[in-house]
Amino acid sequence: MAESPLVIQSDGTILLFVDHPVYTSIRDHLARFAELVKSPEHIHTYRLSRISLWNAASCGVDRDKVIAFLHRHSRYTVPDNIITFIQDSYENYGLLYLSGSPFDTVLKARKGHEGLLGKLAGNRQISKCLQPGPGSLLRVNPVKRGELKRLLIERGYPVEDRAGYVSGDPFPIALRQGPGFKLRPYQKEAAALFFQQGDPRGGSGVVCLPCGSGKTVVGMRVMELVSAKTLILVANVVAARQWKKELLDKSNVPADAIGEYSGDTKEIRPITIATYQILTYRKRKTDPFVHFSLFQQQKWGLIVYDEVHLLPAPVFQITAQVQATRRLGLTATLIREDGKEKDVFSLIGPKKYDVPWQTLEKKGFIAKAVCCEIRVSLPQEDKLQYLTATKRRAFRIASENHKKEDVVDYLLKKYHGQKILVIGHYIRQLQHLAQRFKLPLIKGDTPNKKRMELFNLFRNNQVPRLLLSKVGNVAIDIPDASILIQVSGTFGSRQEEAQRLGRILRPKERPALFFTIITRQTQEQEFAHHRQIFLAEQGYSYKIIDFAENAL
C-alpha cells in the first residue's frame, strides 16, 4: 500500500506521484474519468467532477472498474463519500431519457424512478418545455428539446437522448481511399462510435482527437455514414477553405456542391461551410442574429461543429432548437475557458471518443513533441512600471518584454533551414519582430487571399519562417512546420496551448519543438504554469531553461 501511486482525498481531489514506476499507465487511466487541475514537478492533482464522470459513462467506462481502479492504486483507504459520489454520478447519467421520435418525444425515467418525473414536471421552467398530451406521458415540445436537456443537466440529471433524428435530404458521399489516403483505425472507430449504425443512441456527441491527427477526416467519414446534406461550422474562413480542399481531395463531392457561407460570400449548397463569425453577426447587441436562419434553410441531416471548444455562446441558443438533427463536435480539448462544458454535453452531446495524444505519437500518427519554456528577466527600466500597473497592463508589459527578441534571434539562427512559426498575442510585438527579422506577418486584418498565399509559400518552403497572431491558433494545415516559438499568449488559456502545439504535430521525421518564451517572476510565469496543465494532461513534460544561463 505504501508504494501505491495515488492519494484520494475526501474533497474529490486525487494526487498522483509522478516518480512512481507505473505513472504513465495510471495517468492514462485516470484521465478517462478525472480532470487534471495542476501539474508541478512531483505530484499532479486531479479532480473528480460530475461532468468528467458523465463523459466517462458516455464512453462506456465501467463504474465498478473505476472504483476498483481507485481501490487498487490508492495509498490509503478511499473515502466513503468519494465512492458514493461516483456511484451517484453514474446513477444519474441516463436516469432520465428521451424516447419516441423527433416529433413525438417523451421524457421517461429508468424503472423504479418514475416518481422523479412528477416532481420535475411541477417545476415552472421545465413545464414550459413540455406540451399537453393524452395520458400521463411527459411529451416534449420539439423545439424545446435542447432547452429541456440544458435545464435538467443543471439540476444534476444528464439526459440520455434516444429520440432519434430527422434524416435530412439525402446527399450520398463517398471517400476516395487509395494509396495516397486511407482511413486510420482510430478515425474509423471514432466515426463508428458516433454513428452507432444509425441507432438513436448515436448521432450526437463530441470526438476528442489531438491537433494534427485528422479530425477533419473523422468528420468526413461521419458525413459518408450519414450521407445527407451537411452544415459545417468552422472558426474562420481559412478553416472553411481547408475543409473544402479536404473534401475535394478525399471524397467524390463535386466543387459546385460545396458552399462557403462567410463574410466574403453567402453560398448555400448541399455541403455548406459557415464561419462562427458570420453566424453571430448582428449590427447591434439588441438585434437578432440575422444568419441563424441558415440552420433552417436546408433539411440538414448533419451539423458538424469544428473546434467545438470555441463555439460562441449564441450558437448554443440555436443549437438547442436543432436537437432533431445529428450533431458532431470535433475538438482537441473539451476545456472551455467560459466554463460552458455542460452546454457542450447537453446540446452537442457527450464525449463519444478520445485517445491520449501520446498513444498516437507512439504509433507515428502525430509527431513526437519536445516542449521547452525559456525564461527571461524583465529589464530594470520596466520593473517600476510593471509593479505599479493594473493586472491586465502588468501582464502585457511582461508579455511584450523586448528581451524575448534575443531568444527569438537565437532560435532562428540555431534552427536555420527548418520551417518555423512564431506566434503571439500582441500585434505591436509581432510587428516589431516582423520588422527586425524581416518575416511576413499574418494577423486579423490580413485579407484571406493574402493569408492563403503566405500559407502556400510556407508549405512550398519559399517562405520558411512565418509570424502569426492569434488567428494562427486554429485551423491551419501546415504539415511541414517543425518548430513553433510562442512569444505571448492569452492569460492562462489551456485551449490556446493545445491549438498552438497542434500546429506542428503533423507526422514528420524529426521531433516537433515547441518553445514558449516568458518573463520570469511575473504574472506571465504564473499563467504559463496554468497553460502547462493541458500539456501535462496529454503526457508532455516541460523543460524549463533560464536564458541568462545560456543553457540552450
# chains A, B, ... in the order shown; residues from 1 in each chain; ligands from 1
call {"tool": "residues_around", "arguments": {"residues": "stretch 336-350 of chain A", "least_positions_apart": "4", "cutoff": "8 Å", "atoms": "only C-alpha atoms", "output": "list in words"}}
result
Ile51, Trp54, Asn55, Ser58, Gly146, Lys149, Arg150, Ile153, Glu154, Pro158, Val159, Ser204, Gly205, Val206, Val308, His309, Leu310, Phe316, Thr319, Ala320, Gln323, Arg327, Leu328, Gly329, Ser493, Arg494 and Gln495 of chain A
call {"tool": "write_last_selection", "arguments": {"atoms": "N, CA and C atoms", "output": "compact mmCIF listing (two decimals), in the first residue's frame"}}
result
# COMPACT_ATOMS: atom_id res chain seq x y z
N ILE A 51 -19.22 16.15 -14.53
CA ILE A 51 -19.04 16.15 -15.98
C ILE A 51 -18.01 15.10 -16.39
N TRP A 54 -19.66 11.76 -16.03
CA TRP A 54 -20.71 11.55 -17.04
C TRP A 54 -20.09 11.28 -18.41
N ASN A 55 -19.00 11.99 -18.74
CA ASN A 55 -18.32 11.71 -20.00
C ASN A 55 -17.73 10.31 -20.00
N SER A 58 -20.53 7.96 -20.66
CA SER A 58 -20.97 8.02 -22.06
C SER A 58 -20.00 7.28 -22.97
N GLY A 146 -33.76 20.76 -26.65
CA GLY A 146 -32.45 21.15 -26.16
C GLY A 146 -32.53 21.92 -24.86
N LYS A 149 -33.05 19.62 -21.95
CA LYS A 149 -31.82 18.91 -21.59
C LYS A 149 -30.88 19.83 -20.81
N ARG A 150 -30.84 21.10 -21.21
CA ARG A 150 -29.97 22.04 -20.51
C ARG A 150 -30.48 22.29 -19.09
N ILE A 153 -29.71 19.08 -16.90
CA ILE A 153 -28.31 18.85 -16.52
C ILE A 153 -27.90 19.83 -15.42
N GLU A 154 -28.49 21.04 -15.44
CA GLU A 154 -28.21 21.99 -14.37
C GLU A 154 -28.69 21.47 -13.02
N PRO A 158 -28.17 14.49 -16.31
CA PRO A 158 -27.84 14.49 -17.74
C PRO A 158 -28.75 13.51 -18.47
N VAL A 159 -29.47 14.01 -19.44
CA VAL A 159 -30.47 13.20 -20.15
C VAL A 159 -29.80 12.40 -21.26
N SER A 204 -25.14 12.07 -31.85
CA SER A 204 -24.83 13.38 -31.25
C SER A 204 -23.74 13.19 -30.21
N GLY A 205 -22.72 14.02 -30.29
CA GLY A 205 -21.64 13.91 -29.33
C GLY A 205 -20.35 14.51 -29.85
N VAL A 206 -19.31 14.37 -29.06
CA VAL A 206 -18.03 15.02 -29.32
C VAL A 206 -16.94 13.97 -29.49
N VAL A 308 -15.12 22.63 -31.43
CA VAL A 308 -16.34 22.88 -30.64
C VAL A 308 -16.03 23.61 -29.33
N HIS A 309 -14.79 23.54 -28.85
CA HIS A 309 -14.44 24.26 -27.62
C HIS A 309 -14.46 25.78 -27.84
N LEU A 310 -14.47 26.21 -29.12
CA LEU A 310 -14.55 27.65 -29.42
C LEU A 310 -15.96 28.09 -29.77
N PHE A 316 -25.07 28.25 -29.08
CA PHE A 316 -25.77 27.29 -28.22
C PHE A 316 -27.28 27.54 -28.27
N THR A 319 -28.53 25.94 -31.37
CA THR A 319 -28.31 24.50 -31.27
C THR A 319 -29.37 23.84 -30.42
N ALA A 320 -29.84 24.55 -29.41
CA ALA A 320 -30.90 24.00 -28.55
C ALA A 320 -32.17 23.73 -29.34
N GLN A 323 -32.16 19.99 -32.09
CA GLN A 323 -31.79 18.71 -31.48
C GLN A 323 -32.24 17.51 -32.31
N ARG A 327 -25.59 15.85 -34.62
CA ARG A 327 -24.61 16.90 -34.30
C ARG A 327 -23.29 16.27 -33.87
N LEU A 328 -22.24 16.65 -34.59
CA LEU A 328 -20.90 16.13 -34.30
C LEU A 328 -19.98 17.28 -33.90
N GLY A 329 -19.41 17.20 -32.70
CA GLY A 329 -18.41 18.17 -32.27
C GLY A 329 -17.02 17.59 -32.43
N SER A 493 -4.84 30.44 -20.95
CA SER A 493 -5.71 29.63 -21.80
C SER A 493 -5.07 28.30 -22.17
N ARG A 494 -5.64 27.20 -21.63
CA ARG A 494 -5.15 25.87 -21.96
C ARG A 494 -5.59 25.47 -23.36
N GLN A 495 -6.76 25.91 -23.78
CA GLN A 495 -7.22 25.56 -25.13
C GLN A 495 -6.29 26.18 -26.17
call {"tool": "residues_around", "arguments": {"residues": "A:Glu35", "least_positions_apart": "5", "cutoff": "10 Å", "atoms": "only C-alpha atoms", "output": "JSON, numbers by chain"}}
result
{"A": [13, 14, 30, 45, 46, 47, 48, 49, 51, 52, 53, 335, 537]}
call {"tool": "residues_around", "arguments": {"residues": "A:Tyr426", "least_positions_apart": "3", "cutoff": "12 Å", "atoms": "only C-alpha atoms", "output": "PyMOL selection string"}}
result
chain A and resi 395-401+423+429-433+443-444+467-471+486-491
call {"tool": "residues_around", "arguments": {"residues": "A:Leu466", "least_positions_apart": "3", "cutoff": "12 Å", "atoms": "only C-alpha atoms", "output": "PyMOL selection string"}}
result
chain A and resi 412+418-424+430+433-434+437-443+451+454-459+461-463+469+472+478+481+483-485
call {"tool": "write_last_selection", "arguments": {"atoms": "C-alpha atoms", "output": "mmCIF file, in the first residue's frame"}}
result
data_model
loop_
_atom_site.group_PDB
_atom_site.id
_atom_site.type_symbol
_atom_site.label_atom_id
_atom_site.label_comp_id
_atom_site.auth_asym_id
_atom_site.auth_seq_id
_atom_site.Cartn_x
_atom_site.Cartn_y
_atom_site.Cartn_z
ATOM 1 C CA LEU A 412 16.082 31.385 -35.621
ATOM 2 C CA GLN A 418 13.979 24.429 -40.625
ATOM 3 C CA LYS A 419 10.411 25.684 -41.028
ATOM 4 C CA ILE A 420 9.499 27.868 -38.063
ATOM 5 C CA LEU A 421 6.291 29.517 -36.898
ATOM 6 C CA VAL A 422 6.473 32.427 -34.459
ATOM 7 C CA ILE A 423 3.134 33.125 -32.796
ATOM 8 C CA GLY A 424 1.963 35.754 -30.345
ATOM 9 C CA LEU A 430 4.611 40.912 -33.681
ATOM 10 C CA LEU A 433 9.506 41.122 -34.703
ATOM 11 C CA ALA A 434 8.433 41.255 -38.350
ATOM 12 C CA PHE A 437 13.726 39.697 -38.602
ATOM 13 C CA LYS A 438 12.146 40.553 -41.966
ATOM 14 C CA LEU A 439 9.362 37.985 -41.506
ATOM 15 C CA PRO A 440 5.901 38.056 -43.132
ATOM 16 C CA LEU A 441 3.081 38.561 -40.620
ATOM 17 C CA ILE A 442 -0.449 37.191 -40.746
ATOM 18 C CA LYS A 443 -2.891 38.947 -38.427
ATOM 19 C CA ARG A 451 -3.258 34.535 -45.886
ATOM 20 C CA LEU A 454 1.530 33.042 -47.496
ATOM 21 C CA PHE A 455 0.474 29.623 -46.179
ATOM 22 C CA ASN A 456 1.103 28.122 -49.623
ATOM 23 C CA LEU A 457 4.520 29.810 -49.830
ATOM 24 C CA PHE A 458 5.337 28.399 -46.392
ATOM 25 C CA ARG A 459 4.276 24.888 -47.436
ATOM 26 C CA ASN A 461 9.430 26.347 -48.470
ATOM 27 C CA GLN A 462 9.561 29.643 -50.350
ATOM 28 C CA VAL A 463 8.857 31.379 -47.024
ATOM 29 C CA SER A 469 -1.151 36.486 -34.456
ATOM 30 C CA GLY A 472 -2.965 31.084 -36.094
ATOM 31 C CA ILE A 478 0.912 23.283 -42.206
ATOM 32 C CA ALA A 481 6.186 23.082 -39.714
ATOM 33 C CA ILE A 483 9.221 24.416 -34.722
ATOM 34 C CA LEU A 484 6.884 26.850 -33.000
ATOM 35 C CA ILE A 485 8.088 29.806 -30.935
#
call {"tool": "residues_around", "arguments": {"residues": "stretch 276-289 of chain A", "least_positions_apart": "4", "cutoff": "8 Å", "atoms": "only C-alpha atoms", "output": "VMD selection string"}}
result
chain A and resid 233 to 236 261 to 263 311 to 312 314 to 315
call {"tool": "write_last_selection", "arguments": {"atoms": "C-alpha atoms", "output": "compact mmCIF listing (two decimals), in the first residue's frame"}}
result
# COMPACT_ATOMS: atom_id res chain seq x y z
CA LEU A 233 -19.43 25.29 -38.73
CA VAL A 234 -15.81 26.43 -38.51
CA ALA A 235 -13.68 29.01 -36.73
CA ASN A 236 -12.71 31.16 -39.71
CA TYR A 261 -21.13 30.99 -46.04
CA SER A 262 -18.94 33.72 -44.60
CA GLY A 263 -18.35 37.45 -44.61
CA LEU A 311 -18.29 27.50 -30.10
CA PRO A 312 -19.64 31.01 -29.38
CA PRO A 314 -25.02 32.49 -29.02
CA VAL A 315 -24.69 29.38 -31.20
call {"tool": "select_by_dssp", "arguments": {"residues": "stretch 138-345 of chain A", "states": "helix (DSSP H, G or I)", "output": "VMD selection string"}}
result
chain A and resid 142 to 154 185 to 198 215 to 226 237 to 250 255 to 257 276 to 279 290 to 296 308 to 310 313 to 319 341 to 345
call {"tool": "select_by_dssp", "arguments": {"residues": "stretch 353-439 of chain A", "states": "strand (DSSP E or B)", "output": "list in words"}}
result
Tyr353, Asp354, Ala369, Val370, Cys371, Cys372, Glu373, Ile374, Arg375, Val376, Ile420, Leu421, Val422 and Ile423 of chain A
call {"tool": "atom_distance", "arguments": {"atom1": "atom CA of A:Ile82", "atom2": "atom CA of A:Ile8"}}
result
8.3 Å
call {"tool": "residues_around", "arguments": {"residues": "A:Gly259", "least_positions_apart": "4", "cutoff": "8 Å", "atoms": "only C-alpha atoms", "output": "ChimeraX atom specification"}}
result
/A:266-273
call {"tool": "atom_distance", "arguments": {"atom1": "atom CA of A:Val61", "atom2": "atom CA of A:Phe33"}}
result
8.0 Å
call {"tool": "closest_residue", "arguments": {"among": "A:Val407, A:Ile374, A:Leu231, A:Cys129", "to": "A:Glu147", "atoms": "only C-alpha atoms"}}
result
A:Cys129
call {"tool": "closest_residue", "arguments": {"among": "A:Val166, A:Leu16, A:Leu330, A:Ile517", "to": "A:Cys211", "atoms": "only C-alpha atoms"}}
result
A:Leu330
